[in-house]
$ cat data_8.tsv   # TSV, C-alpha atoms and all ligand atoms
chain	number	residue	atom	x	y	z
A	294	MET	CA	6.81	-15.12	4.97
A	295	GLY	CA	4.85	-16.04	1.87
A	296	VAL	CA	6.35	-16.50	-1.57
A	297	PHE	CA	4.75	-17.05	-4.95
A	298	HIS	CA	6.23	-17.34	-8.39
A	299	SER	CA	4.54	-16.35	-11.62
A	300	THR	CA	2.67	-19.24	-13.14
A	301	GLY	CA	3.22	-19.03	-16.86
A	302	GLY	CA	1.24	-15.91	-17.62
A	303	GLN	CA	-1.58	-16.24	-15.08
A	304	ASP	CA	-0.20	-13.36	-13.07
A	305	PRO	CA	-1.71	-10.45	-15.02
A	306	ALA	CA	1.20	-8.12	-14.26
A	307	GLY	CA	3.68	-10.74	-15.43
A	308	HIS	CA	6.03	-10.56	-12.44
A	309	GLU	CA	8.58	-13.30	-11.99
A	310	GLN	CA	8.57	-13.32	-8.23
A	311	VAL	CA	7.00	-11.44	-5.34
A	312	VAL	CA	8.30	-12.03	-1.84
A	313	PHE	CA	6.52	-11.06	1.38
A	314	CYS	CA	8.90	-10.57	4.30
A	315	GLN	CA	8.00	-10.26	7.97
A	316	ASP	CA	10.02	-9.98	11.17
A	317	ARG	CA	7.72	-9.61	14.16
A	318	HIS	CA	10.37	-8.42	16.62
A	319	THR	CA	11.43	-5.39	14.61
A	320	GLY	CA	7.98	-4.84	13.08
A	321	LEU	CA	9.36	-5.28	9.56
A	322	LYS	CA	6.75	-5.88	6.89
A	323	ALA	CA	8.19	-5.69	3.41
A	324	ILE	CA	7.40	-6.84	-0.11
A	325	ILE	CA	10.04	-7.33	-2.78
A	326	GLY	CA	8.78	-7.43	-6.35
A	327	ILE	CA	10.91	-8.84	-9.15
A	328	TYR	CA	9.31	-8.06	-12.49
A	329	SER	CA	12.03	-9.39	-14.75
A	330	THR	CA	15.55	-10.79	-14.60
A	331	ALA	CA	15.72	-11.26	-18.37
A	332	LEU	CA	18.62	-8.79	-18.62
A	333	GLY	CA	20.28	-9.58	-15.28
A	334	PRO	CA	19.66	-9.21	-11.55
A	335	ALA	CA	16.67	-7.00	-10.77
A	336	LEU	CA	17.69	-3.51	-9.56
A	337	GLY	CA	15.42	-0.99	-7.89
A	338	GLY	CA	15.26	1.00	-4.67
A	339	THR	CA	13.37	0.32	-1.46
A	340	ARG	CA	10.48	2.66	-0.64
A	341	PHE	CA	9.70	3.07	3.08
A	342	TYR	CA	6.16	4.37	3.22
A	343	PRO	CA	3.09	4.27	5.52
A	344	TYR	CA	0.74	2.61	3.04
A	345	PRO	CA	-2.92	2.56	4.13
A	346	SER	CA	-3.12	-1.21	3.52
A	347	GLU	CA	-1.14	-4.26	2.44
A	348	GLU	CA	-3.01	-4.12	-0.89
A	349	ALA	CA	-1.75	-0.57	-1.46
A	350	ALA	CA	1.83	-1.63	-0.69
A	351	LEU	CA	1.54	-4.61	-3.03
A	352	SER	CA	0.05	-2.53	-5.82
A	353	ASP	CA	2.87	0.02	-5.50
A	354	VAL	CA	5.65	-2.56	-5.54
A	355	LEU	CA	4.16	-4.28	-8.58
A	356	ASP	CA	3.95	-0.98	-10.50
A	357	LEU	CA	7.35	0.27	-9.40
A	358	SER	CA	9.21	-2.98	-10.13
A	359	ARG	CA	7.69	-3.17	-13.62
A	360	GLY	CA	8.71	0.44	-14.20
A	361	MET	CA	12.28	-0.36	-13.17
A	362	ALA	CA	12.50	-3.21	-15.70
A	363	TYR	CA	11.62	-0.78	-18.51
A	364	LYS	CA	13.90	1.94	-17.17
A	365	ASN	CA	16.91	-0.35	-16.75
A	366	ALA	CA	16.33	-1.91	-20.17
A	367	LEU	CA	16.38	1.46	-21.93
A	368	ALA	CA	19.32	2.68	-19.85
A	369	GLY	CA	21.28	-0.10	-21.56
A	370	LEU	CA	22.02	-1.85	-18.28
A	371	ASP	CA	22.54	-5.57	-17.86
A	372	LEU	CA	20.00	-5.45	-15.05
A	373	GLY	CA	16.39	-6.42	-14.72
A	374	GLY	CA	13.68	-4.62	-12.80
A	375	GLY	CA	12.67	-4.96	-9.18
A	376	LYS	CA	11.66	-2.86	-6.22
A	377	GLY	CA	11.15	-3.24	-2.50
A	378	VAL	CA	8.61	-1.59	-0.24
A	379	ILE	CA	8.71	-1.46	3.52
A	380	TRP	CA	5.23	-0.90	4.89
A	381	GLY	CA	5.62	1.56	7.79
A	382	ASP	CA	6.37	5.10	8.85
A	383	PRO	CA	10.04	5.87	8.13
A	384	GLU	CA	10.02	8.58	10.83
A	385	LEU	CA	8.80	6.26	13.58
A	386	GLY	CA	9.47	2.70	12.48
A	387	LYS	CA	13.04	2.75	11.20
A	388	SER	CA	15.67	1.05	13.34
A	389	GLU	CA	19.03	-0.61	12.80
A	390	ALA	CA	17.53	-4.02	13.52
A	391	LEU	CA	14.62	-3.51	11.12
A	392	LEU	CA	16.89	-2.41	8.28
A	393	ARG	CA	19.25	-5.31	8.93
A	394	ALA	CA	16.33	-7.76	9.00
A	395	TYR	CA	15.34	-6.37	5.61
A	396	GLY	CA	18.93	-6.78	4.43
A	397	ARG	CA	18.83	-10.47	5.37
A	398	PHE	CA	15.73	-10.97	3.24
A	399	VAL	CA	17.46	-9.24	0.33
A	400	GLN	CA	20.47	-11.52	0.87
A	401	SER	CA	18.19	-14.57	0.93
A	402	LEU	CA	17.31	-13.90	-2.72
A	403	GLY	CA	20.91	-14.72	-3.59
A	404	GLY	CA	21.51	-11.76	-5.91
A	405	ARG	CA	18.29	-11.94	-7.92
A	406	TYR	CA	17.50	-8.50	-6.48
A	407	TYR	CA	19.75	-5.49	-5.74
A	408	THR	CA	18.30	-2.74	-3.58
A	409	ALA	CA	19.06	1.00	-3.36
A	410	CYS	CA	17.50	4.23	-2.01
A	411	ASP	CA	14.02	5.44	-2.79
A	412	VAL	CA	11.40	7.61	-1.06
A	413	GLY	CA	11.92	7.23	2.69
A	414	THR	CA	15.31	5.51	2.51
A	415	TYR	CA	18.70	7.17	2.40
A	416	VAL	CA	22.36	6.45	1.71
A	417	ALA	CA	22.97	5.89	5.43
A	418	ASP	CA	20.20	3.25	5.45
A	419	MET	CA	21.91	1.42	2.58
A	420	ASP	CA	25.10	1.30	4.65
A	421	VAL	CA	23.13	-0.41	7.44
A	422	ILE	CA	21.41	-2.84	5.04
A	423	ALA	CA	24.85	-3.63	3.59
A	424	ARG	CA	25.90	-5.15	6.92
A	425	GLU	CA	23.62	-8.06	6.05
A	426	THR	CA	23.74	-8.26	2.27
A	427	ARG	CA	26.13	-7.75	-0.64
A	428	PHE	CA	23.21	-6.94	-2.92
A	429	VAL	CA	22.84	-3.26	-2.14
A	430	THR	CA	24.03	-0.17	-3.97
A	431	GLY	CA	23.65	3.61	-3.58
A	432	ARG	CA	25.96	3.59	-0.56
A	433	SER	CA	27.91	6.42	1.02
A	434	VAL	CA	31.20	7.56	-0.48
A	435	GLU	CA	33.05	6.31	2.67
A	436	HIS	CA	31.76	2.84	1.85
A	437	GLY	CA	32.70	2.91	-1.81
A	438	GLY	CA	29.41	4.40	-2.88
A	439	ALA	CA	28.85	6.98	-5.58
A	440	GLY	CA	27.15	9.70	-3.53
A	441	ASP	CA	24.44	12.04	-4.79
A	442	SER	CA	22.76	10.57	-7.87
A	443	SER	CA	21.08	13.83	-8.89
A	444	VAL	CA	24.27	14.99	-10.66
A	445	LEU	CA	23.99	12.33	-13.36
A	446	THR	CA	20.19	12.42	-13.33
A	447	ALA	CA	20.29	16.08	-14.34
A	448	TRP	CA	23.01	15.38	-16.91
A	449	GLY	CA	20.83	12.67	-18.47
A	450	VAL	CA	17.76	14.93	-18.52
A	451	PHE	CA	19.84	17.56	-20.30
A	452	GLN	CA	20.89	14.96	-22.90
A	453	GLY	CA	17.27	13.94	-23.46
A	454	MET	CA	16.33	17.60	-23.88
A	455	ARG	CA	19.09	18.09	-26.45
A	456	ALA	CA	17.71	15.16	-28.46
A	457	ALA	CA	14.21	16.66	-28.28
A	458	ALA	CA	15.58	20.05	-29.42
A	459	GLU	CA	17.23	18.39	-32.39
A	460	HIS	CA	13.96	16.65	-33.28
A	461	VAL	CA	11.87	19.81	-33.09
A	462	TRP	CA	14.26	22.59	-34.09
A	463	GLY	CA	16.91	20.69	-36.07
A	464	SER	CA	19.90	21.25	-33.77
A	465	PRO	CA	20.85	19.45	-30.51
A	466	THR	CA	21.19	22.55	-28.40
A	467	LEU	CA	19.04	24.67	-26.11
A	468	ALA	CA	20.93	27.83	-27.04
A	469	GLY	CA	18.48	30.66	-27.55
A	470	ARG	CA	15.56	28.65	-26.11
A	471	ARG	CA	13.60	29.55	-23.01
A	472	VAL	CA	13.25	26.64	-20.58
A	473	GLY	CA	10.82	26.55	-17.64
A	474	VAL	CA	12.11	24.48	-14.72
A	475	ALA	CA	9.49	23.49	-12.12
A	476	GLY	CA	11.34	22.51	-8.95
A	477	LEU	CA	14.83	23.74	-8.10
A	478	GLY	CA	15.72	20.76	-5.94
A	479	LYS	CA	18.73	18.51	-6.36
A	480	VAL	CA	17.96	17.70	-10.00
A	481	GLY	CA	16.47	21.07	-11.00
A	482	LYS	CA	19.50	23.01	-9.78
A	483	HIS	CA	22.00	20.96	-11.79
A	484	LEU	CA	19.73	21.05	-14.83
A	485	ALA	CA	19.43	24.85	-14.67
A	486	ALA	CA	23.23	25.08	-14.63
A	487	HIS	CA	23.58	22.88	-17.76
A	488	LEU	CA	20.93	24.91	-19.56
A	489	LEU	CA	22.62	28.22	-18.79
A	490	ASP	CA	25.98	26.80	-19.89
A	491	ASP	CA	24.36	25.78	-23.17
A	492	GLY	CA	23.08	29.30	-23.81
A	493	ALA	CA	19.43	28.84	-22.85
A	494	SER	CA	17.47	31.30	-20.75
A	495	VAL	CA	15.81	29.79	-17.69
A	496	VAL	CA	12.59	30.65	-15.90
A	497	ALA	CA	11.89	28.65	-12.75
A	498	THR	CA	9.67	28.16	-9.73
A	499	ASP	CA	9.79	26.34	-6.42
A	500	VAL	CA	7.62	26.21	-3.30
A	501	ASN	CA	10.67	26.22	-1.05
A	502	GLU	CA	12.11	29.61	-0.06
A	503	SER	CA	15.66	28.29	0.38
A	504	ALA	CA	15.63	26.92	-3.20
A	505	LEU	CA	14.53	30.34	-4.46
A	506	ARG	CA	17.22	32.06	-2.40
A	507	TRP	CA	19.80	29.70	-3.90
A	508	ALA	CA	18.65	30.69	-7.39
A	509	ARG	CA	18.73	34.44	-6.65
A	510	GLU	CA	22.23	34.20	-5.21
A	511	THR	CA	23.78	31.69	-7.64
A	512	TYR	CA	22.06	32.50	-10.92
A	513	PRO	CA	20.55	36.00	-10.80
A	514	GLN	CA	19.88	35.71	-14.54
A	515	VAL	CA	17.21	33.02	-13.85
A	516	ASP	CA	13.71	34.53	-13.86
A	517	LEU	CA	11.59	33.32	-10.98
A	518	VAL	CA	7.81	33.08	-11.20
A	519	ALA	CA	5.25	32.61	-8.44
A	520	ASP	CA	4.13	29.06	-9.14
A	521	THR	CA	3.86	26.24	-11.67
A	522	ALA	CA	0.66	27.71	-13.12
A	523	ALA	CA	2.56	30.88	-14.03
A	524	LEU	CA	5.43	28.81	-15.43
A	525	ILE	CA	3.33	26.71	-17.80
A	526	ALA	CA	1.44	29.80	-18.99
A	527	ALA	CA	4.74	31.62	-19.66
A	528	ASP	CA	6.24	31.97	-23.12
A	529	ILE	CA	8.58	28.99	-22.84
A	530	ASP	CA	9.94	26.61	-25.49
A	531	VAL	CA	10.58	23.71	-23.09
A	532	TYR	CA	8.86	22.68	-19.88
A	533	ALA	CA	11.01	20.71	-17.42
A	534	PRO	CA	9.02	19.19	-14.54
A	535	CYS	CA	11.57	18.52	-11.78
A	536	ALA	CA	9.34	18.40	-8.69
A	537	LEU	CA	6.69	15.78	-7.98
A	538	GLY	CA	4.84	13.23	-10.12
A	539	GLY	CA	1.63	13.94	-12.06
A	540	ALA	CA	2.94	17.25	-13.46
A	541	LEU	CA	1.17	16.68	-16.77
A	542	ASP	CA	-2.59	16.54	-16.27
A	543	ASP	CA	-5.48	17.54	-18.52
A	544	ASP	CA	-5.58	21.14	-17.31
A	545	THR	CA	-1.81	21.64	-17.68
A	546	VAL	CA	-1.61	20.17	-21.16
A	547	ALA	CA	-4.54	22.34	-22.30
A	548	VAL	CA	-2.69	25.59	-21.53
A	549	LEU	CA	0.97	24.59	-21.92
A	550	ARG	CA	2.79	26.85	-24.40
A	551	ALA	CA	6.02	24.84	-24.60
A	552	LYS	CA	6.77	22.70	-27.66
A	553	VAL	CA	8.84	20.19	-25.66
A	554	VAL	CA	8.42	18.55	-22.26
A	555	THR	CA	11.57	17.00	-20.77
A	556	GLY	CA	12.12	16.81	-17.03
A	557	GLY	CA	13.55	14.79	-14.19
A	558	ALA	CA	10.37	14.08	-12.21
A	559	ASN	CA	9.09	10.51	-12.05
A	560	ASN	CA	5.61	9.57	-13.30
A	561	GLN	CA	4.90	12.86	-15.04
A	562	LEU	CA	1.80	11.68	-16.89
A	563	ALA	CA	-1.23	11.96	-14.60
A	564	HIS	CA	-2.96	9.23	-16.64
A	565	PRO	CA	-2.05	7.15	-19.71
A	566	GLY	CA	-4.14	9.23	-22.13
A	567	ILE	CA	-1.98	12.31	-21.54
A	568	ASP	CA	0.76	11.34	-23.98
A	569	LYS	CA	-1.80	11.33	-26.81
A	570	MET	CA	-3.17	14.71	-25.66
A	571	LEU	CA	0.36	16.10	-25.79
A	572	ALA	CA	0.93	14.66	-29.26
A	573	ASP	CA	-2.41	16.06	-30.49
A	574	ARG	CA	-1.35	19.53	-29.30
A	575	GLY	CA	1.97	19.15	-31.12
A	576	ILE	CA	3.98	18.99	-27.89
A	577	LEU	CA	6.93	16.59	-27.90
A	578	TYR	CA	7.17	14.60	-24.66
A	579	THR	CA	10.32	12.64	-23.85
A	580	PRO	CA	9.29	9.78	-21.52
A	581	ASP	CA	10.35	10.53	-17.95
A	582	TYR	CA	11.79	7.11	-17.22
A	583	VAL	CA	14.09	7.37	-20.24
A	584	VAL	CA	15.54	10.81	-19.57
A	585	ASN	CA	15.81	10.52	-15.77
A	586	ALA	CA	17.76	7.23	-15.85
A	587	GLY	CA	21.07	8.90	-14.94
A	588	GLY	CA	20.48	8.14	-11.27
A	589	VAL	CA	19.98	4.43	-11.80
A	590	ILE	CA	22.93	4.39	-14.20
A	591	GLN	CA	25.01	5.79	-11.34
A	592	VAL	CA	23.92	3.25	-8.72
A	593	ALA	CA	24.29	0.43	-11.26
A	594	ASP	CA	27.85	1.55	-11.98
A	595	GLU	CA	28.59	1.35	-8.26
A	596	ILE	CA	27.97	-2.42	-8.38
A	597	GLU	CA	31.12	-2.70	-10.55
A	598	GLY	CA	33.11	-0.26	-8.38
A	599	PHE	CA	32.12	3.32	-9.09
A	600	ASN	CA	33.82	5.21	-11.89
A	601	PHE	CA	32.28	8.65	-12.45
A	602	GLU	CA	33.56	9.12	-16.01
A	603	ARG	CA	32.26	5.71	-17.12
A	604	ALA	CA	28.88	6.41	-15.51
A	605	LYS	CA	28.73	9.87	-17.09
A	606	LEU	CA	29.46	8.36	-20.50
A	607	ARG	CA	26.56	5.97	-20.04
A	608	ALA	CA	24.27	8.81	-18.95
A	609	THR	CA	25.36	10.79	-22.01
A	610	ARG	CA	23.95	7.98	-24.18
A	611	ILE	CA	20.48	9.04	-23.03
A	612	PHE	CA	20.82	11.45	-25.95
A	613	ASP	CA	21.02	8.54	-28.45
A	614	THR	CA	18.26	6.54	-26.77
A	615	THR	CA	15.90	9.52	-26.76
A	616	ARG	CA	16.70	10.22	-30.39
A	617	GLU	CA	15.96	6.59	-31.31
A	618	ILE	CA	12.65	6.66	-29.43
A	619	LEU	CA	11.54	9.85	-31.15
A	620	ARG	CA	12.40	8.40	-34.55
A	621	LEU	CA	10.56	5.16	-33.75
A	622	ALA	CA	7.53	7.13	-32.57
A	623	ASP	CA	7.42	9.00	-35.87
A	624	ALA	CA	7.97	5.85	-37.93
A	625	GLU	CA	5.29	3.86	-36.14
A	626	GLY	CA	2.86	6.76	-35.64
A	627	VAL	CA	2.66	6.35	-31.87
A	628	PRO	CA	3.39	8.75	-28.98
A	629	PRO	CA	6.98	8.61	-27.63
A	630	ALA	CA	5.89	6.87	-24.42
A	631	ALA	CA	4.49	3.95	-26.44
A	632	ALA	CA	7.62	3.87	-28.60
A	633	ALA	CA	9.81	3.75	-25.47
A	634	ASP	CA	7.82	0.83	-24.06
A	635	ARG	CA	8.18	-1.05	-27.34
A	636	LEU	CA	11.93	-0.50	-27.44
A	637	ALA	CA	12.32	-1.66	-23.83
A	638	GLU	CA	10.21	-4.76	-24.46
A	639	ARG	CA	12.23	-5.51	-27.59
A	640	ARG	CA	15.53	-5.36	-25.69
A	641	MET	CA	14.19	-7.52	-22.84
A	642	ALA	CA	12.95	-10.10	-25.36
A	643	GLU	CA	15.92	-10.08	-27.74
A	644	VAL	CA	18.75	-9.91	-25.23
A	645	GLY	CA	16.85	-11.93	-22.63
A	646	ARG	CA	16.39	-14.73	-25.19
A	647	LEU	CA	20.17	-15.20	-25.36
A	648	ARG	CA	19.95	-17.04	-22.04
A	649	THR	CA	18.49	-19.95	-24.00
A	650	ILE	CA	21.90	-20.48	-25.67
A	651	HIS	CA	23.35	-23.12	-23.42
A	652	LEU	CA	26.74	-22.48	-21.83
A	653	SER	CA	28.40	-25.39	-20.15
A	701	LIG	N1	17.57	12.66	-7.46
A	701	LIG	C1	17.63	11.73	-8.41
A	701	LIG	O1	18.67	11.17	-8.71
A	701	LIG	C2	16.37	11.41	-9.19
A	701	LIG	C3	16.44	10.33	-10.10
A	701	LIG	C4	15.31	10.03	-10.88
A	701	LIG	C5	14.16	10.77	-10.69
A	701	LIG	N2	14.10	11.78	-9.77
A	701	LIG	C6	12.86	12.53	-9.62
A	701	LIG	O2	13.09	13.90	-9.92
A	701	LIG	C7	12.26	14.72	-9.11
A	701	LIG	C8	13.12	15.70	-8.32
A	701	LIG	O3	14.03	14.96	-7.53
A	701	LIG	P1	15.07	15.71	-6.56
A	701	LIG	O4	16.04	14.66	-6.15
A	701	LIG	O5	15.55	16.94	-7.22
A	701	LIG	O6	14.11	16.05	-5.35
A	701	LIG	P2	14.19	17.31	-4.36
A	701	LIG	O7	13.27	16.99	-3.25
A	701	LIG	O8	15.61	17.66	-4.08
A	701	LIG	O9	13.60	18.51	-5.24
A	701	LIG	C9	12.25	18.69	-5.53
A	701	LIG	C10	12.02	20.20	-5.52
A	701	LIG	O10	10.68	20.45	-5.99
A	701	LIG	C11	10.12	21.47	-5.18
A	701	LIG	N3	8.67	21.39	-5.27
A	701	LIG	C12	7.83	20.53	-4.64
A	701	LIG	N4	6.55	20.80	-4.98
A	701	LIG	C13	6.60	21.83	-5.85
A	701	LIG	C14	5.61	22.56	-6.56
A	701	LIG	N5	4.31	22.27	-6.45
A	701	LIG	N6	6.00	23.55	-7.37
A	701	LIG	C15	7.32	23.87	-7.51
A	701	LIG	N7	8.29	23.21	-6.86
A	701	LIG	C16	7.94	22.21	-6.04
A	701	LIG	C17	10.69	21.20	-3.80
A	701	LIG	O11	10.59	22.35	-2.96
A	701	LIG	C18	12.13	20.83	-4.12
A	701	LIG	O12	12.97	21.96	-4.16
A	701	LIG	C19	11.43	13.75	-8.25
A	701	LIG	O13	10.21	13.49	-8.91
A	701	LIG	C20	12.28	12.50	-8.23
A	701	LIG	O14	11.51	11.34	-8.01
A	701	LIG	C21	15.20	12.12	-9.03
$ encode --input "data_8.tsv" --output "structure tokens"
Amino acid sequence: MGVFHSTGGQDPAGHEQVVFCQDRHTGLKAIIGIYSTALGPALGGTRFYPYPSEEAALSDVLDLSRGMAYKNALAGLDLGGGKGVIWGDPELGKSEALLRAYGRFVQSLGGRYYTACDVGTYVADMDVIARETRFVTGRSVEHGGAGDSSVLTAWGVFQGMRAAAEHVWGSPTLAGRRVGVAGLGKVGKHLAAHLLDDGASVVATDVNESALRWARETYPQVDLVADTAALIAADIDVYAPCALGGALDDDTVAVLRAKVVTGGANNQLAHPGIDKMLADRGILYTPDYVVNAGGVIQVADEIEGFNFERAKLRATRIFDTTREILRLADAEGVPPAAAADRLAERRMAEVGRLRTIHLS
């Protein structure tokens, strides 16, 4: 196991701590990245993924842990940002012993890092990891966990969309608007329900036949189109990417007819220049990591002993945060993604600085 700490700014990504973990018997190879604990213990899920190389795993954990610091800061949590990656095939390599070995490494950090689910890890895995560490959240309901996080993720996305609607059309409602939802998975389904309740009309697409069947049976008033290309070319007011990352690329932005983009998917911008392209076309983009923070708000709440109403109230505040970001973007003449980053950095600096006030 190798460990290095950041050395006063020489680490270009600015991480506080990166821990390499290995257990030869179970085949565990993991890296835990802690970007910042300025606001509290670092929280972020563990991704179990067959990376092509150790460099690829390291690069991913550095990016993801930094992203979590920004997300948690803007979600108003007293938590910093971290992430774990397990380098391996979750289908073939996962075992009780491997997960428990990982749990012991998490425990060894003494609470500087809390783990949770991510791609390739599930609630049941967190229950196994929890047999070795207290610093795990996103557990099953039987073990005091909060269950499916997509409920509050979708609620938060809806709040962000309401703030965008207010900014563009003057009123915080989607009533009378046409919203295109790409991906009717866990998040997309709940989001479609909120939109219909609010009086919006919904047009949607999915590659999965069972998701489409669900829509036909549950919400026959939802219009279904063949694919995402048809959705973005449709006459929609809002585009809600709720499938995979990279939904907003050069080709999509060039033809998009919506005036607002707000969705649950992670990493929607295919490259950093896209937010400026969107702004130049007069399309308002609410940063993905701001509006999809309902899930992390839920798992963070679980650390205190889960209370759905309290967590929902926190997710509802995504409306205020989005509104503040959009105002800051206008005031400073920058795209909303840049404004969000500035606000997150400000909170990490201002609140993080309070640690310098000595308490005996
Ligand atoms: N679930 C959460 O709490 C949560 C929290 C934060 C962010 N997110 C992000 O939100 C997104 C959706 O998450 P989810 O939990 O709903 O996942 P999910 O797997 O339940 O749903 C994704 C849906 O997208 C569909 N899809 C995939 N490719 C598509 C394509 N090309 N065109 C149309 N549909 C396509 C899938 O068939 C599936 O129905 C992901 O990017 C995820 O990382 C989820």
$ closest_residue --input "data_8.tsv" --among "A:Val589, A:Leu332, A:Ala522, A:Val399" --to "A:Phe428" --atoms "all atoms listed in the file"
A:Val399
$ residues_around --input "data_8.tsv" --residues "stretch 539-549 of chain A" --least-positions-apart "2" --cutoff "12 Å" --atoms "all atoms listed in the file" --output "PyMOL selection string"
chain A and resi 473-476+521-537+551-578+580-581
$ write_last_selection --input "data_8.tsv" --atoms "C-alpha atoms" --output "short mmCIF file (atom, residue, chain, number, x, y, z; two decimals), keeping the file's coordinate frame"
data_model
loop_
_atom_site.label_atom_id
_atom_site.label_comp_id
_atom_site.auth_asym_id
_atom_site.auth_seq_id
_atom_site.Cartn_x
_atom_site.Cartn_y
_atom_site.Cartn_z
CA GLY A 473 10.82 26.55 -17.64
CA VAL A 474 12.11 24.48 -14.72
CA ALA A 475 9.49 23.49 -12.12
CA GLY A 476 11.34 22.51 -8.95
CA THR A 521 3.86 26.24 -11.67
CA ALA A 522 0.66 27.71 -13.12
CA ALA A 523 2.56 30.88 -14.03
CA LEU A 524 5.43 28.81 -15.43
CA ILE A 525 3.33 26.71 -17.80
CA ALA A 526 1.44 29.80 -18.99
CA ALA A 527 4.74 31.62 -19.66
CA ASP A 528 6.24 31.97 -23.12
CA ILE A 529 8.58 28.99 -22.84
CA ASP A 530 9.94 26.61 -25.49
CA VAL A 531 10.58 23.71 -23.09
CA TYR A 532 8.86 22.68 -19.88
CA ALA A 533 11.01 20.71 -17.42
CA PRO A 534 9.02 19.19 -14.54
CA CYS A 535 11.57 18.52 -11.78
CA ALA A 536 9.34 18.40 -8.69
CA LEU A 537 6.69 15.78 -7.98
CA ALA A 551 6.02 24.84 -24.60
CA LYS A 552 6.77 22.70 -27.66
CA VAL A 553 8.84 20.19 -25.66
CA VAL A 554 8.42 18.55 -22.26
CA THR A 555 11.57 17.00 -20.77
CA GLY A 556 12.12 16.81 -17.03
CA GLY A 557 13.55 14.79 -14.19
CA ALA A 558 10.37 14.08 -12.21
CA ASN A 559 9.09 10.51 -12.05
CA ASN A 560 5.61 9.57 -13.30
CA GLN A 561 4.90 12.86 -15.04
CA LEU A 562 1.80 11.68 -16.89
CA ALA A 563 -1.23 11.96 -14.60
CA HIS A 564 -2.96 9.23 -16.64
CA PRO A 565 -2.05 7.15 -19.71
CA GLY A 566 -4.14 9.23 -22.13
CA ILE A 567 -1.98 12.31 -21.54
CA ASP A 568 0.76 11.34 -23.98
CA LYS A 569 -1.80 11.33 -26.81
CA MET A 570 -3.17 14.71 -25.66
CA LEU A 571 0.36 16.10 -25.79
CA ALA A 572 0.93 14.66 -29.26
CA ASP A 573 -2.41 16.06 -30.49
CA ARG A 574 -1.35 19.53 -29.30
CA GLY A 575 1.97 19.15 -31.12
CA ILE A 576 3.98 18.99 -27.89
CA LEU A 577 6.93 16.59 -27.90
CA TYR A 578 7.17 14.60 -24.66
CA PRO A 580 9.29 9.78 -21.52
CA ASP A 581 10.35 10.53 -17.95
#
$ closest_residue --input "data_8.tsv" --among "A:Gly320, A:Gly333, A:Gly437, A:Gly626" --to "A:Gly369" --atoms "all atoms listed in the file"
A:Gly333
$ residues_around --input "data_8.tsv" --residues "A:Ala632" --least-positions-apart "2" --cutoff "12 Å" --atoms "all atoms listed in the file" --output "PyMOL selection string"
chain A and resi 363+367+568+578-580+583+614-630+634-639
$ closest_residue --input "data_8.tsv" --among "A:Ser503, A:Gln591, A:Ser443, A:Ser494" --to "ligand LIG 701 (chain A)" --atoms "all atoms listed in the file"
A:Ser443
$ residues_around --input "data_8.tsv" --residues "stretch 640-644 of chain A" --least-positions-apart "5" --cutoff "12 Å" --atoms "only C-alpha atoms" --output "mmCIF file with C-alpha atoms, keeping the file's coordinate frame"
data_model
loop_
_atom_site.group_PDB
_atom_site.id
_atom_site.type_symbol
_atom_site.label_atom_id
_atom_site.label_comp_id
_atom_site.auth_asym_id
_atom_site.auth_seq_id
_atom_site.Cartn_x
_atom_site.Cartn_y
_atom_site.Cartn_z
ATOM 1 C CA TYR A 328 9.310 -8.060 -12.490
ATOM 2 C CA SER A 329 12.030 -9.390 -14.750
ATOM 3 C CA THR A 330 15.550 -10.790 -14.600
ATOM 4 C CA ALA A 331 15.720 -11.260 -18.370
ATOM 5 C CA LEU A 332 18.620 -8.790 -18.620
ATOM 6 C CA GLY A 333 20.280 -9.580 -15.280
ATOM 7 C CA ALA A 362 12.500 -3.210 -15.700
ATOM 8 C CA TYR A 363 11.620 -0.780 -18.510
ATOM 9 C CA LYS A 364 13.900 1.940 -17.170
ATOM 10 C CA ASN A 365 16.910 -0.350 -16.750
ATOM 11 C CA ALA A 366 16.330 -1.910 -20.170
ATOM 12 C CA LEU A 367 16.380 1.460 -21.930
ATOM 13 C CA ALA A 368 19.320 2.680 -19.850
ATOM 14 C CA GLY A 369 21.280 -0.100 -21.560
ATOM 15 C CA LEU A 370 22.020 -1.850 -18.280
ATOM 16 C CA ASP A 371 22.540 -5.570 -17.860
ATOM 17 C CA LEU A 372 20.000 -5.450 -15.050
ATOM 18 C CA GLY A 373 16.390 -6.420 -14.720
ATOM 19 C CA GLY A 374 13.680 -4.620 -12.800
ATOM 20 C CA ALA A 633 9.810 3.750 -25.470
ATOM 21 C CA ASP A 634 7.820 0.830 -24.060
ATOM 22 C CA ARG A 635 8.180 -1.050 -27.340
ATOM 23 C CA THR A 649 18.490 -19.950 -24.000
ATOM 24 C CA ILE A 650 21.900 -20.480 -25.670
#
$ residues_around --input "data_8.tsv" --residues "stretch 338-353 of chain A" --least-positions-apart "4" --cutoff "8 Å" --atoms "only C-alpha atoms" --output "number ranges by chain"
A: 324, 357, 375-383, 407-414
$ atom_distance --input "data_8.tsv" --atom1 "atom CA of A:Met419" --atom2 "atom C21 of ligand LIG 701 (chain A)"
17.2 Å
$ residues_around --input "data_8.tsv" --residues "A:Val312" --least-positions-apart "2" --cutoff "12 Å" --atoms "all atoms listed in the file" --output "ChimeraX atom specification"
/A:294-299,308-310,314-315,322-328,351,354-355,375-379,395,398-399,401-402,405-406
$ axis_aligned_box --input "data_8.tsv" --around "stretch 543-551 of chain A" --padding-each-side "6 Å" --output "JSON"
{"center_x": 0.2, "center_y": 22.2, "center_z": -21.0, "size_x": 23.6, "size_y": 21.3, "size_z": 19.3}
$ closest_residue --input "data_8.tsv" --among "A:Leu477, A:Ala486, A:Ala394, A:Val515" --to "ligand LIG 701 (chain A)" --atoms "only C-alpha atoms and all ligand atoms"
A:Leu477
